[in-house]
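Here is the file upload-v4.txt (compact mmCIF, C-alpha atoms).
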```
# COMPACT_ATOMS: atom_id res chain seq x y z
CA MET E 1 232.58 -108.40 -36.23
CA ILE E 2 233.07 -108.33 -39.97
CA VAL E 3 236.43 -107.04 -41.23
CA ARG E 4 237.04 -106.72 -44.97
CA ASP E 5 239.66 -105.06 -47.07
CA PHE E 6 238.93 -103.33 -50.36
CA ASP E 7 242.03 -104.78 -52.07
CA ASP E 8 241.21 -108.32 -50.89
CA ILE E 9 237.69 -108.09 -52.30
CA VAL E 10 238.94 -106.83 -55.65
CA ARG E 11 241.48 -109.64 -55.82
CA ASP E 12 239.58 -112.56 -54.27
CA ALA E 13 235.84 -111.88 -54.20
CA ARG E 14 234.98 -110.86 -57.72
CA ASP E 15 231.29 -111.62 -57.15
CA ARG E 16 231.30 -108.54 -54.92
CA VAL E 17 232.61 -106.33 -57.75
CA ILE E 18 229.79 -105.20 -60.03
CA SER E 19 230.53 -103.43 -63.31
CA ASP E 20 228.26 -101.85 -65.87
CA ALA E 21 228.71 -99.29 -68.61
CA HIS E 22 231.42 -96.91 -67.37
CA TRP E 23 231.05 -97.63 -63.66
CA SER E 24 232.03 -100.31 -61.20
CA SER E 25 231.18 -100.87 -57.57
CA VAL E 26 232.90 -102.84 -54.82
CA ARG E 27 230.32 -104.12 -52.37
CA MET E 28 231.87 -103.98 -48.91
CA LEU E 29 228.55 -104.85 -47.20
CA LEU E 30 225.46 -106.46 -48.74
CA ALA E 31 222.00 -107.45 -47.50
CA ASP E 32 223.15 -110.82 -46.21
CA ASP E 33 225.57 -109.13 -43.80
CA GLY E 34 222.52 -108.19 -41.74
CA MET E 35 223.42 -104.55 -41.07
CA GLY E 36 220.18 -103.16 -42.52
CA PHE E 37 222.09 -101.19 -45.16
CA SER E 38 224.68 -101.93 -47.82
CA PHE E 39 227.95 -100.05 -48.30
CA HIS E 40 229.75 -99.75 -51.64
CA ILE E 41 232.82 -98.01 -53.01
CA THR E 42 231.80 -96.94 -56.51
CA PHE E 43 233.92 -95.68 -59.41
CA LEU E 44 232.47 -93.62 -62.27
CA GLU E 45 234.70 -93.24 -65.31
CA ALA E 46 235.95 -89.82 -66.34
CA GLY E 47 233.69 -88.41 -69.02
CA SER E 48 230.76 -90.70 -68.22
CA GLU E 49 227.14 -89.73 -67.57
CA HIS E 50 224.52 -91.82 -65.75
CA THR E 51 220.81 -91.43 -65.11
CA PHE E 52 219.46 -93.38 -62.16
CA GLU E 53 216.23 -93.46 -60.19
CA TYR E 54 216.19 -95.78 -57.19
CA LYS E 55 212.43 -96.05 -56.77
CA ASN E 56 212.80 -98.74 -54.11
CA HIS E 57 215.87 -97.55 -52.22
CA PHE E 58 217.26 -94.54 -50.41
CA GLU E 59 220.89 -93.86 -51.31
CA SER E 60 223.52 -91.52 -49.91
CA VAL E 61 226.74 -90.85 -51.82
CA TYR E 62 229.88 -89.22 -50.41
CA CYS E 63 232.58 -88.07 -52.84
CA MET E 64 236.04 -89.23 -51.74
CA GLN E 65 237.86 -88.29 -54.93
CA GLY E 66 237.20 -86.71 -58.32
CA LYS E 67 235.05 -83.99 -59.84
CA GLY E 68 231.63 -83.92 -61.42
CA SER E 69 228.04 -82.83 -61.00
CA ILE E 70 224.56 -84.10 -60.25
CA THR E 71 221.33 -82.79 -61.77
CA ASP E 72 218.02 -83.26 -59.98
CA LEU E 73 215.75 -84.09 -62.92
CA ALA E 74 212.62 -82.98 -61.02
CA THR E 75 213.88 -79.41 -60.50
CA GLY E 76 216.61 -79.12 -63.16
CA GLU E 77 219.01 -77.92 -60.47
CA THR E 78 222.67 -78.95 -60.86
CA HIS E 79 225.12 -79.27 -57.95
CA GLN E 80 228.88 -79.52 -58.27
CA ILE E 81 230.54 -82.62 -56.80
CA LYS E 82 234.04 -82.59 -55.31
CA PRO E 83 235.72 -84.41 -52.42
CA GLY E 84 233.56 -83.82 -49.35
CA THR E 85 230.28 -83.36 -51.23
CA MET E 86 227.47 -85.68 -50.19
CA TYR E 87 224.11 -86.12 -51.85
CA ALA E 88 221.24 -88.14 -50.44
CA LEU E 89 218.33 -89.32 -52.56
CA ASN E 90 215.74 -89.00 -49.81
CA GLU E 91 212.85 -88.75 -52.26
CA HIS E 92 214.03 -91.49 -54.64
CA ASP E 93 215.09 -88.57 -56.82
CA ARG E 94 215.65 -89.25 -60.51
CA HIS E 95 219.04 -87.74 -61.31
CA THR E 96 221.86 -87.50 -63.80
CA LEU E 97 225.40 -87.89 -62.55
CA ARG E 98 228.37 -86.66 -64.58
CA ALA E 99 232.02 -87.46 -63.93
CA GLU E 100 234.35 -84.78 -65.28
CA GLU E 101 237.20 -86.63 -63.60
CA GLU E 102 236.89 -90.17 -62.28
CA LEU E 103 234.62 -90.09 -59.24
CA ILE E 104 235.25 -92.38 -56.27
CA MET E 105 232.20 -92.49 -54.03
CA ALA E 106 231.20 -94.13 -50.74
CA CYS E 107 227.57 -95.21 -51.18
CA VAL E 108 224.98 -96.43 -48.66
CA PHE E 109 221.72 -98.10 -49.71
CA ASN E 110 218.65 -98.63 -47.54
CA PRO E 111 217.23 -101.21 -47.87
CA PRO E 112 220.53 -102.95 -48.57
CA VAL E 113 221.12 -104.29 -52.06
CA THR E 114 221.70 -108.01 -52.42
CA GLY E 115 224.41 -107.63 -55.07
CA LYS E 116 222.28 -109.34 -57.71
CA GLU E 117 220.30 -106.31 -58.87
CA VAL E 118 220.60 -104.95 -62.38
CA HIS E 119 219.64 -101.44 -63.38
CA ARG E 120 216.33 -101.57 -65.20
CA GLU E 121 215.56 -99.40 -68.20
CA ASP E 122 214.10 -96.72 -65.94
CA GLY E 123 217.35 -96.48 -63.94
CA SER E 124 215.98 -98.26 -60.87
CA TYR E 125 216.82 -101.45 -59.03
CA ALA E 126 213.94 -103.86 -58.45
CA PRO E 127 212.91 -104.37 -54.84
CA ALA E 128 214.49 -107.51 -53.42
CA ASP E 129 211.21 -109.44 -53.41
CA GLU E 130 210.74 -108.94 -57.16
CA MET E 131 214.13 -110.34 -58.07
CA ALA E 132 214.42 -113.53 -60.04
CA ASP E 133 217.08 -114.92 -57.75
CA MET G 1 217.51 -84.43 -52.72
CA ILE G 2 219.81 -83.36 -49.94
CA VAL G 3 223.21 -81.96 -50.97
CA ARG G 4 225.75 -81.05 -48.30
CA ASP G 5 229.40 -80.22 -48.32
CA PHE G 6 231.82 -81.27 -45.61
CA ASP G 7 233.61 -77.90 -45.56
CA ASP G 8 230.31 -75.99 -45.33
CA ILE G 9 229.20 -78.07 -42.35
CA VAL G 10 232.49 -77.54 -40.54
CA ARG G 11 232.28 -73.79 -41.17
CA ASP G 12 228.56 -73.09 -40.80
CA ALA G 13 226.80 -75.94 -39.01
CA ARG G 14 228.80 -76.51 -35.87
CA ASP G 15 225.90 -78.34 -34.23
CA ARG G 16 226.65 -81.14 -36.70
CA VAL G 17 230.29 -81.40 -35.55
CA ILE G 18 230.59 -83.52 -32.42
CA SER G 19 233.87 -83.70 -30.50
CA ASP G 20 234.91 -85.77 -27.53
CA ALA G 21 238.23 -86.84 -26.06
CA HIS G 22 240.60 -87.22 -29.03
CA TRP G 23 237.95 -87.69 -31.71
CA SER G 24 235.52 -85.57 -33.68
CA SER G 25 232.75 -86.44 -36.08
CA VAL G 26 231.05 -84.47 -38.83
CA ARG G 27 227.46 -85.64 -39.20
CA MET G 28 226.60 -85.50 -42.89
CA LEU G 29 223.24 -87.26 -42.34
CA LEU G 30 221.29 -87.65 -39.09
CA ALA G 31 218.03 -89.31 -38.06
CA ASP G 32 215.91 -86.33 -39.02
CA ASP G 33 217.05 -86.61 -42.63
CA GLY G 34 214.78 -89.64 -42.90
CA MET G 35 217.22 -91.97 -44.69
CA GLY G 36 217.00 -94.73 -42.06
CA PHE G 37 220.73 -94.48 -41.33
CA SER G 38 223.17 -91.75 -40.38
CA PHE G 39 226.47 -91.02 -42.12
CA HIS G 40 229.45 -89.42 -40.41
CA ILE G 41 233.04 -88.53 -41.28
CA THR G 42 234.99 -89.24 -38.10
CA PHE G 43 238.53 -88.25 -37.12
CA LEU G 44 240.51 -90.12 -34.46
CA GLU G 45 243.65 -88.38 -33.23
CA ALA G 46 247.05 -89.97 -33.78
CA GLY G 47 248.05 -91.89 -30.68
CA SER G 48 244.53 -92.15 -29.27
CA GLU G 49 242.72 -95.27 -28.10
CA HIS G 50 238.95 -95.70 -27.73
CA THR G 51 236.71 -98.44 -26.36
CA PHE G 52 233.15 -98.44 -27.65
CA GLU G 53 230.20 -100.79 -27.54
CA TYR G 54 227.14 -99.71 -29.46
CA LYS G 55 224.60 -101.92 -27.76
CA ASN G 56 221.72 -100.26 -29.56
CA HIS G 57 223.19 -99.63 -33.01
CA PHE G 58 224.89 -101.40 -35.86
CA GLU G 59 227.88 -99.46 -37.21
CA SER G 60 230.10 -99.87 -40.25
CA VAL G 61 233.37 -97.97 -40.53
CA TYR G 62 235.44 -97.55 -43.71
CA CYS G 63 239.00 -96.22 -43.40
CA MET G 64 239.66 -93.43 -45.90
CA GLN G 65 243.01 -92.33 -44.45
CA GLY G 66 245.43 -93.24 -41.68
CA LYS G 67 246.68 -96.28 -39.86
CA GLY G 68 245.61 -98.15 -36.75
CA SER G 69 244.00 -101.29 -35.40
CA ILE G 70 240.83 -102.66 -33.90
CA THR G 71 240.58 -105.33 -31.21
CA ASP G 72 237.44 -107.41 -30.81
CA LEU G 73 237.20 -107.60 -27.02
CA ALA G 74 235.08 -110.76 -27.15
CA THR G 75 237.75 -112.77 -28.99
CA GLY G 76 240.91 -110.75 -28.35
CA GLU G 77 241.59 -110.72 -32.08
CA THR G 78 243.26 -107.58 -33.48
CA HIS G 79 242.92 -106.42 -37.10
CA GLN G 80 245.08 -103.82 -38.77
CA ILE G 81 243.32 -100.78 -40.23
CA LYS G 82 244.56 -98.94 -43.32
CA PRO G 83 242.85 -97.11 -46.19
CA GLY G 84 240.35 -99.55 -47.69
CA THR G 85 239.75 -101.54 -44.49
CA MET G 86 236.13 -101.76 -43.35
CA TYR G 87 234.82 -103.17 -40.12
CA ALA G 88 231.17 -103.75 -39.31
CA LEU G 89 229.89 -104.22 -35.78
CA ASN G 90 227.15 -106.65 -36.71
CA GLU G 91 226.95 -108.12 -33.23
CA HIS G 92 227.20 -104.82 -31.32
CA ASP G 93 230.79 -105.91 -30.72
CA ARG G 94 232.65 -104.27 -27.86
CA HIS G 95 235.95 -103.12 -29.32
CA THR G 96 239.06 -101.02 -28.82
CA LEU G 97 240.18 -98.79 -31.65
CA ARG G 98 243.73 -97.45 -31.84
CA ALA G 99 244.98 -94.70 -34.15
CA GLU G 100 248.69 -94.99 -34.84
CA GLU G 101 248.28 -92.17 -37.36
CA GLU G 102 245.20 -89.96 -37.53
CA LEU G 103 242.33 -92.09 -38.82
CA ILE G 104 239.67 -90.59 -41.11
CA MET G 105 236.66 -92.88 -41.28
CA ALA G 106 233.31 -92.96 -43.11
CA CYS G 107 230.79 -94.31 -40.59
CA VAL G 108 227.22 -95.52 -41.02
CA PHE G 109 224.86 -96.08 -38.06
CA ASN G 110 221.62 -98.04 -38.10
CA PRO G 111 219.38 -96.92 -36.51
CA PRO G 112 220.56 -93.41 -37.34
CA VAL G 113 221.91 -91.30 -34.51
CA THR G 114 220.11 -88.06 -33.73
CA GLY G 115 223.33 -86.11 -33.10
CA LYS G 116 222.45 -85.59 -29.43
CA GLU G 117 223.82 -88.85 -28.04
CA VAL G 118 226.72 -88.95 -25.64
CA HIS G 119 228.90 -91.98 -25.04
CA ARG G 120 227.91 -93.56 -21.75
CA GLU G 121 230.43 -95.03 -19.36
CA ASP G 122 230.05 -98.44 -20.99
CA GLY G 123 231.00 -97.02 -24.42
CA SER G 124 227.46 -97.20 -25.82
CA TYR G 125 224.97 -94.64 -27.09
CA ALA G 126 221.53 -94.76 -25.49
CA PRO G 127 218.70 -95.79 -27.80
CA ALA G 128 216.85 -92.74 -29.12
CA ASP G 129 213.80 -93.34 -26.95
CA GLU G 130 215.86 -93.26 -23.74
CA MET G 131 217.44 -89.93 -24.47
CA ALA G 132 216.72 -86.93 -22.27
CA ASP G 133 216.21 -84.68 -25.25
```

Can I see the file as structure tokens?
Amino acid sequence: MIVRDFDDIVRDARDRVISDAHWSSVRMLLADDGMGFSFHITFLEAGSEHTFEYKNHFESVYCMQGKGSITDLATGETHQIKPGTMYALNEHDRHTLRAEEELIMACVFNPPVTGKEVHREDGSYAPADEMAD
Amino acid sequence: MIVRDFDDIVRDARDRVISDAHWSSVRMLLADDGMGFSFHITFLEAGSEHTFEYKNHFESVYCMQGKGSITDLATGETHQIKPGTMYALNEHDRHTLRAEEELIMACVFNPPVTGKEVHREDGSYAPADEMAD
């Protein structure tokens, strides 16, 4: 059994806290935990906007706190996000996420991320077997 | 892209709300969503105690609200649970969960549950291919 605490990770395991422009993510579970998925608590700054396209991953995102919206860039459709809203990128959907207030999200990736990915210019993460490390 | 709202499911999609003795679970994602995992928001009643052993699934559980504990029945070790605590049953660990206050948990199962499982006497869910339906 693995037991981890969010506050302990933030204080003691900084390699599990990934930050980029206007977002940060605390990786509670990563690929090497062997669960077959990774689990992250992700923060998106109020006023920020992000375009992602996880070509090599499925991702589900559950809003725990905050307010914003997501636009499906294939259809142009925009959905409001509030606590209790979940979106799942079951078609590797290219999307734009906007945080009107800070968003705190519980995210699941399949396959699991290793924690060493960087977002590429197209908004994707490389598949694990293409990573330099 | 799948977008679902917790409140809408509770109001309109009761087949996605599973209840048993002193717990209930809102299934935001199930096997037929094709994500390779399922995602549930689960409520454990204050004062309740539960022994589970998911012999055929990995499960991670993130505490969003409440207070309780989990005992690993293989080692006898007990861990406190509070908001921000995550446990992951990476060895199909048999465990007893106690809710001192109502616990609200974000749960991920791999493989995904179908939503038709019942807990067997040993605290497990049957694998999907052994299910009657």

Write down, as a PyMOL selection string, each residue of chain G that has any atom within 9 Å of an atom of chain E, counting all atoms listed in the file.
-> chain G and resi 1-7+28-29+33-37+39+58-60+62+64+72+79+81-93+106+108+110-111

Please dump the current selection as a PDB file, in the frame of the given file; keep C-alpha atoms.
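File produced: result_9.pdb:
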```
ATOM      1  CA  MET G   1     217.510 -84.430 -52.720  1.00  0.00           C
ATOM      2  CA  ILE G   2     219.810 -83.360 -49.940  1.00  0.00           C
ATOM      3  CA  VAL G   3     223.210 -81.960 -50.970  1.00  0.00           C
ATOM      4  CA  ARG G   4     225.750 -81.050 -48.300  1.00  0.00           C
ATOM      5  CA  ASP G   5     229.400 -80.220 -48.320  1.00  0.00           C
ATOM      6  CA  PHE G   6     231.820 -81.270 -45.610  1.00  0.00           C
ATOM      7  CA  ASP G   7     233.610 -77.900 -45.560  1.00  0.00           C
ATOM      8  CA  MET G  28     226.600 -85.500 -42.890  1.00  0.00           C
ATOM      9  CA  LEU G  29     223.240 -87.260 -42.340  1.00  0.00           C
ATOM     10  CA  ASP G  33     217.050 -86.610 -42.630  1.00  0.00           C
ATOM     11  CA  GLY G  34     214.780 -89.640 -42.900  1.00  0.00           C
ATOM     12  CA  MET G  35     217.220 -91.970 -44.690  1.00  0.00           C
ATOM     13  CA  GLY G  36     217.000 -94.730 -42.060  1.00  0.00           C
ATOM     14  CA  PHE G  37     220.730 -94.480 -41.330  1.00  0.00           C
ATOM     15  CA  PHE G  39     226.470 -91.020 -42.120  1.00  0.00           C
ATOM     16  CA  PHE G  58     224.890-101.400 -35.860  1.00  0.00           C
ATOM     17  CA  GLU G  59     227.880 -99.460 -37.210  1.00  0.00           C
ATOM     18  CA  SER G  60     230.100 -99.870 -40.250  1.00  0.00           C
ATOM     19  CA  TYR G  62     235.440 -97.550 -43.710  1.00  0.00           C
ATOM     20  CA  MET G  64     239.660 -93.430 -45.900  1.00  0.00           C
ATOM     21  CA  ASP G  72     237.440-107.410 -30.810  1.00  0.00           C
ATOM     22  CA  HIS G  79     242.920-106.420 -37.100  1.00  0.00           C
ATOM     23  CA  ILE G  81     243.320-100.780 -40.230  1.00  0.00           C
ATOM     24  CA  LYS G  82     244.560 -98.940 -43.320  1.00  0.00           C
ATOM     25  CA  PRO G  83     242.850 -97.110 -46.190  1.00  0.00           C
ATOM     26  CA  GLY G  84     240.350 -99.550 -47.690  1.00  0.00           C
ATOM     27  CA  THR G  85     239.750-101.540 -44.490  1.00  0.00           C
ATOM     28  CA  MET G  86     236.130-101.760 -43.350  1.00  0.00           C
ATOM     29  CA  TYR G  87     234.820-103.170 -40.120  1.00  0.00           C
ATOM     30  CA  ALA G  88     231.170-103.750 -39.310  1.00  0.00           C
ATOM     31  CA  LEU G  89     229.890-104.220 -35.780  1.00  0.00           C
ATOM     32  CA  ASN G  90     227.150-106.650 -36.710  1.00  0.00           C
ATOM     33  CA  GLU G  91     226.950-108.120 -33.230  1.00  0.00           C
ATOM     34  CA  HIS G  92     227.200-104.820 -31.320  1.00  0.00           C
ATOM     35  CA  ASP G  93     230.790-105.910 -30.720  1.00  0.00           C
ATOM     36  CA  ALA G 106     233.310 -92.960 -43.110  1.00  0.00           C
ATOM     37  CA  VAL G 108     227.220 -95.520 -41.020  1.00  0.00           C
ATOM     38  CA  ASN G 110     221.620 -98.040 -38.100  1.00  0.00           C
ATOM     39  CA  PRO G 111     219.380 -96.920 -36.510  1.00  0.00           C
TER      40      PRO G 111
END
```

What would chain G look like once superposed on chain E, with the fit done by least squares over all C-alpha atoms paired in order? Give it as a compact mmCIF listing (two decimals) with C-alpha atoms, in the coordinates of the input.
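selection39.txt, freshly written:
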```
# COMPACT_ATOMS: atom_id res chain seq x y z
CA MET G 1 232.59 -108.35 -36.22
CA ILE G 2 233.09 -108.31 -39.95
CA VAL G 3 236.46 -107.04 -41.22
CA ARG G 4 237.05 -106.71 -44.95
CA ASP G 5 239.67 -105.06 -47.06
CA PHE G 6 238.96 -103.34 -50.35
CA ASP G 7 242.05 -104.78 -52.06
CA ASP G 8 241.23 -108.32 -50.88
CA ILE G 9 237.71 -108.07 -52.29
CA VAL G 10 238.96 -106.81 -55.64
CA ARG G 11 241.51 -109.64 -55.80
CA ASP G 12 239.61 -112.55 -54.27
CA ALA G 13 235.88 -111.88 -54.19
CA ARG G 14 234.99 -110.87 -57.71
CA ASP G 15 231.32 -111.65 -57.12
CA ARG G 16 231.32 -108.54 -54.91
CA VAL G 17 232.63 -106.33 -57.74
CA ILE G 18 229.81 -105.21 -60.02
CA SER G 19 230.55 -103.44 -63.31
CA ASP G 20 228.28 -101.86 -65.86
CA ALA G 21 228.73 -99.30 -68.61
CA HIS G 22 231.43 -96.91 -67.36
CA TRP G 23 231.05 -97.64 -63.66
CA SER G 24 232.03 -100.33 -61.19
CA SER G 25 231.18 -100.89 -57.56
CA VAL G 26 232.91 -102.85 -54.82
CA ARG G 27 230.32 -104.12 -52.35
CA MET G 28 231.88 -103.97 -48.90
CA LEU G 29 228.57 -104.85 -47.18
CA LEU G 30 225.48 -106.46 -48.72
CA ALA G 31 222.03 -107.46 -47.47
CA ASP G 32 223.18 -110.82 -46.18
CA ASP G 33 225.58 -109.13 -43.78
CA GLY G 34 222.54 -108.20 -41.70
CA MET G 35 223.44 -104.55 -41.05
CA GLY G 36 220.20 -103.16 -42.51
CA PHE G 37 222.10 -101.19 -45.15
CA SER G 38 224.69 -101.93 -47.81
CA PHE G 39 227.96 -100.06 -48.30
CA HIS G 40 229.75 -99.77 -51.63
CA ILE G 41 232.82 -98.03 -53.02
CA THR G 42 231.80 -96.95 -56.52
CA PHE G 43 233.92 -95.71 -59.42
CA LEU G 44 232.47 -93.63 -62.26
CA GLU G 45 234.70 -93.25 -65.31
CA ALA G 46 235.95 -89.82 -66.34
CA GLY G 47 233.67 -88.41 -69.01
CA SER G 48 230.74 -90.70 -68.23
CA GLU G 49 227.14 -89.72 -67.57
CA HIS G 50 224.52 -91.82 -65.76
CA THR G 51 220.80 -91.44 -65.11
CA PHE G 52 219.45 -93.38 -62.15
CA GLU G 53 216.24 -93.47 -60.17
CA TYR G 54 216.18 -95.78 -57.19
CA LYS G 55 212.44 -96.05 -56.76
CA ASN G 56 212.79 -98.71 -54.10
CA HIS G 57 215.86 -97.54 -52.19
CA PHE G 58 217.25 -94.54 -50.40
CA GLU G 59 220.89 -93.86 -51.30
CA SER G 60 223.53 -91.53 -49.91
CA VAL G 61 226.74 -90.87 -51.83
CA TYR G 62 229.88 -89.22 -50.42
CA CYS G 63 232.58 -88.07 -52.85
CA MET G 64 236.03 -89.24 -51.75
CA GLN G 65 237.86 -88.29 -54.95
CA GLY G 66 237.20 -86.69 -58.32
CA LYS G 67 235.05 -84.00 -59.84
CA GLY G 68 231.62 -83.92 -61.42
CA SER G 69 228.02 -82.84 -61.01
CA ILE G 70 224.55 -84.10 -60.25
CA THR G 71 221.31 -82.81 -61.76
CA ASP G 72 218.00 -83.28 -59.97
CA LEU G 73 215.73 -84.09 -62.91
CA ALA G 74 212.62 -83.00 -61.01
CA THR G 75 213.87 -79.43 -60.50
CA GLY G 76 216.60 -79.13 -63.14
CA GLU G 77 219.00 -77.94 -60.46
CA THR G 78 222.66 -78.97 -60.86
CA HIS G 79 225.11 -79.28 -57.96
CA GLN G 80 228.86 -79.55 -58.29
CA ILE G 81 230.52 -82.62 -56.80
CA LYS G 82 234.03 -82.58 -55.32
CA PRO G 83 235.72 -84.42 -52.44
CA GLY G 84 233.57 -83.81 -49.36
CA THR G 85 230.28 -83.37 -51.24
CA MET G 86 227.46 -85.69 -50.20
CA TYR G 87 224.11 -86.13 -51.84
CA ALA G 88 221.23 -88.13 -50.43
CA LEU G 89 218.32 -89.33 -52.54
CA ASN G 90 215.73 -89.00 -49.81
CA GLU G 91 212.85 -88.75 -52.24
CA HIS G 92 214.03 -91.49 -54.63
CA ASP G 93 215.08 -88.57 -56.81
CA ARG G 94 215.64 -89.25 -60.49
CA HIS G 95 219.03 -87.76 -61.30
CA THR G 96 221.85 -87.51 -63.81
CA LEU G 97 225.39 -87.90 -62.56
CA ARG G 98 228.36 -86.66 -64.59
CA ALA G 99 232.02 -87.46 -63.94
CA GLU G 100 234.33 -84.79 -65.30
CA GLU G 101 237.19 -86.64 -63.61
CA GLU G 102 236.90 -90.18 -62.29
CA LEU G 103 234.62 -90.09 -59.25
CA ILE G 104 235.25 -92.39 -56.27
CA MET G 105 232.19 -92.50 -54.04
CA ALA G 106 231.20 -94.13 -50.74
CA CYS G 107 227.57 -95.22 -51.17
CA VAL G 108 225.00 -96.43 -48.65
CA PHE G 109 221.72 -98.11 -49.70
CA ASN G 110 218.67 -98.63 -47.52
CA PRO G 111 217.24 -101.21 -47.86
CA PRO G 112 220.54 -102.95 -48.55
CA VAL G 113 221.12 -104.30 -52.03
CA THR G 114 221.69 -108.02 -52.39
CA GLY G 115 224.41 -107.63 -55.04
CA LYS G 116 222.27 -109.34 -57.68
CA GLU G 117 220.28 -106.33 -58.87
CA VAL G 118 220.60 -104.96 -62.36
CA HIS G 119 219.64 -101.45 -63.38
CA ARG G 120 216.34 -101.57 -65.21
CA GLU G 121 215.59 -99.40 -68.21
CA ASP G 122 214.12 -96.72 -65.95
CA GLY G 123 217.38 -96.47 -63.95
CA SER G 124 215.98 -98.24 -60.87
CA TYR G 125 216.83 -101.45 -59.04
CA ALA G 126 213.93 -103.84 -58.49
CA PRO G 127 212.90 -104.33 -54.87
CA ALA G 128 214.45 -107.50 -53.44
CA ASP G 129 211.17 -109.41 -53.46
CA GLU G 130 210.68 -108.87 -57.21
CA MET G 131 214.05 -110.24 -58.15
CA ALA G 132 214.33 -113.42 -60.20
CA ASP G 133 217.03 -114.80 -57.96
```

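By chain and then residue number, the residues within 7 Å of Gly123 in chain E are E:Thr51, E:Phe52, E:Glu53, E:Tyr54, E:His119, E:Arg120, counting all atoms listed in the file and disregarding those fewer than 3 positions away in sequence.
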
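Separating CA of Arg98 in chain G from CA of Lys67 in chain G is a distance of 8.6 Å.
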
So how far away is CA of Val10 in chain E from CA of Ser25 in chain E, in Å?
->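 Interatomic distance, CA of Ser25 in chain E to CA of Val10 in chain E: 10.0 Å.
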
Would you kindly return, as number ranges by chain, each protein, DNA or RNA residue with an atom no farther than 9 Å from any atom of Ile9 in chain G, considering all atoms listed in the file and excluding same-chain residues fewer than 5 positions away?
-> G: 4, 14-17, 26-28

E:Leu103, E:Leu73, E:Thr78, E:Lys55: which is nearest Pro127 in chain E, counting only C-alpha atoms?
->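 The closest residue to Pro127 in chain E is E:Lys55.
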
Expressed in Å, the length from CA of Ala31 in chain E to CA of Gln65 in chain E is 26.0 Å

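Around the point (251.0, -96.7, -35.4), within 8 Å and counting all atoms listed in the file, we find these residues: Ala46, Gly47, Lys67, Gly68, Ala99, Glu100 and Glu101 of chain G.
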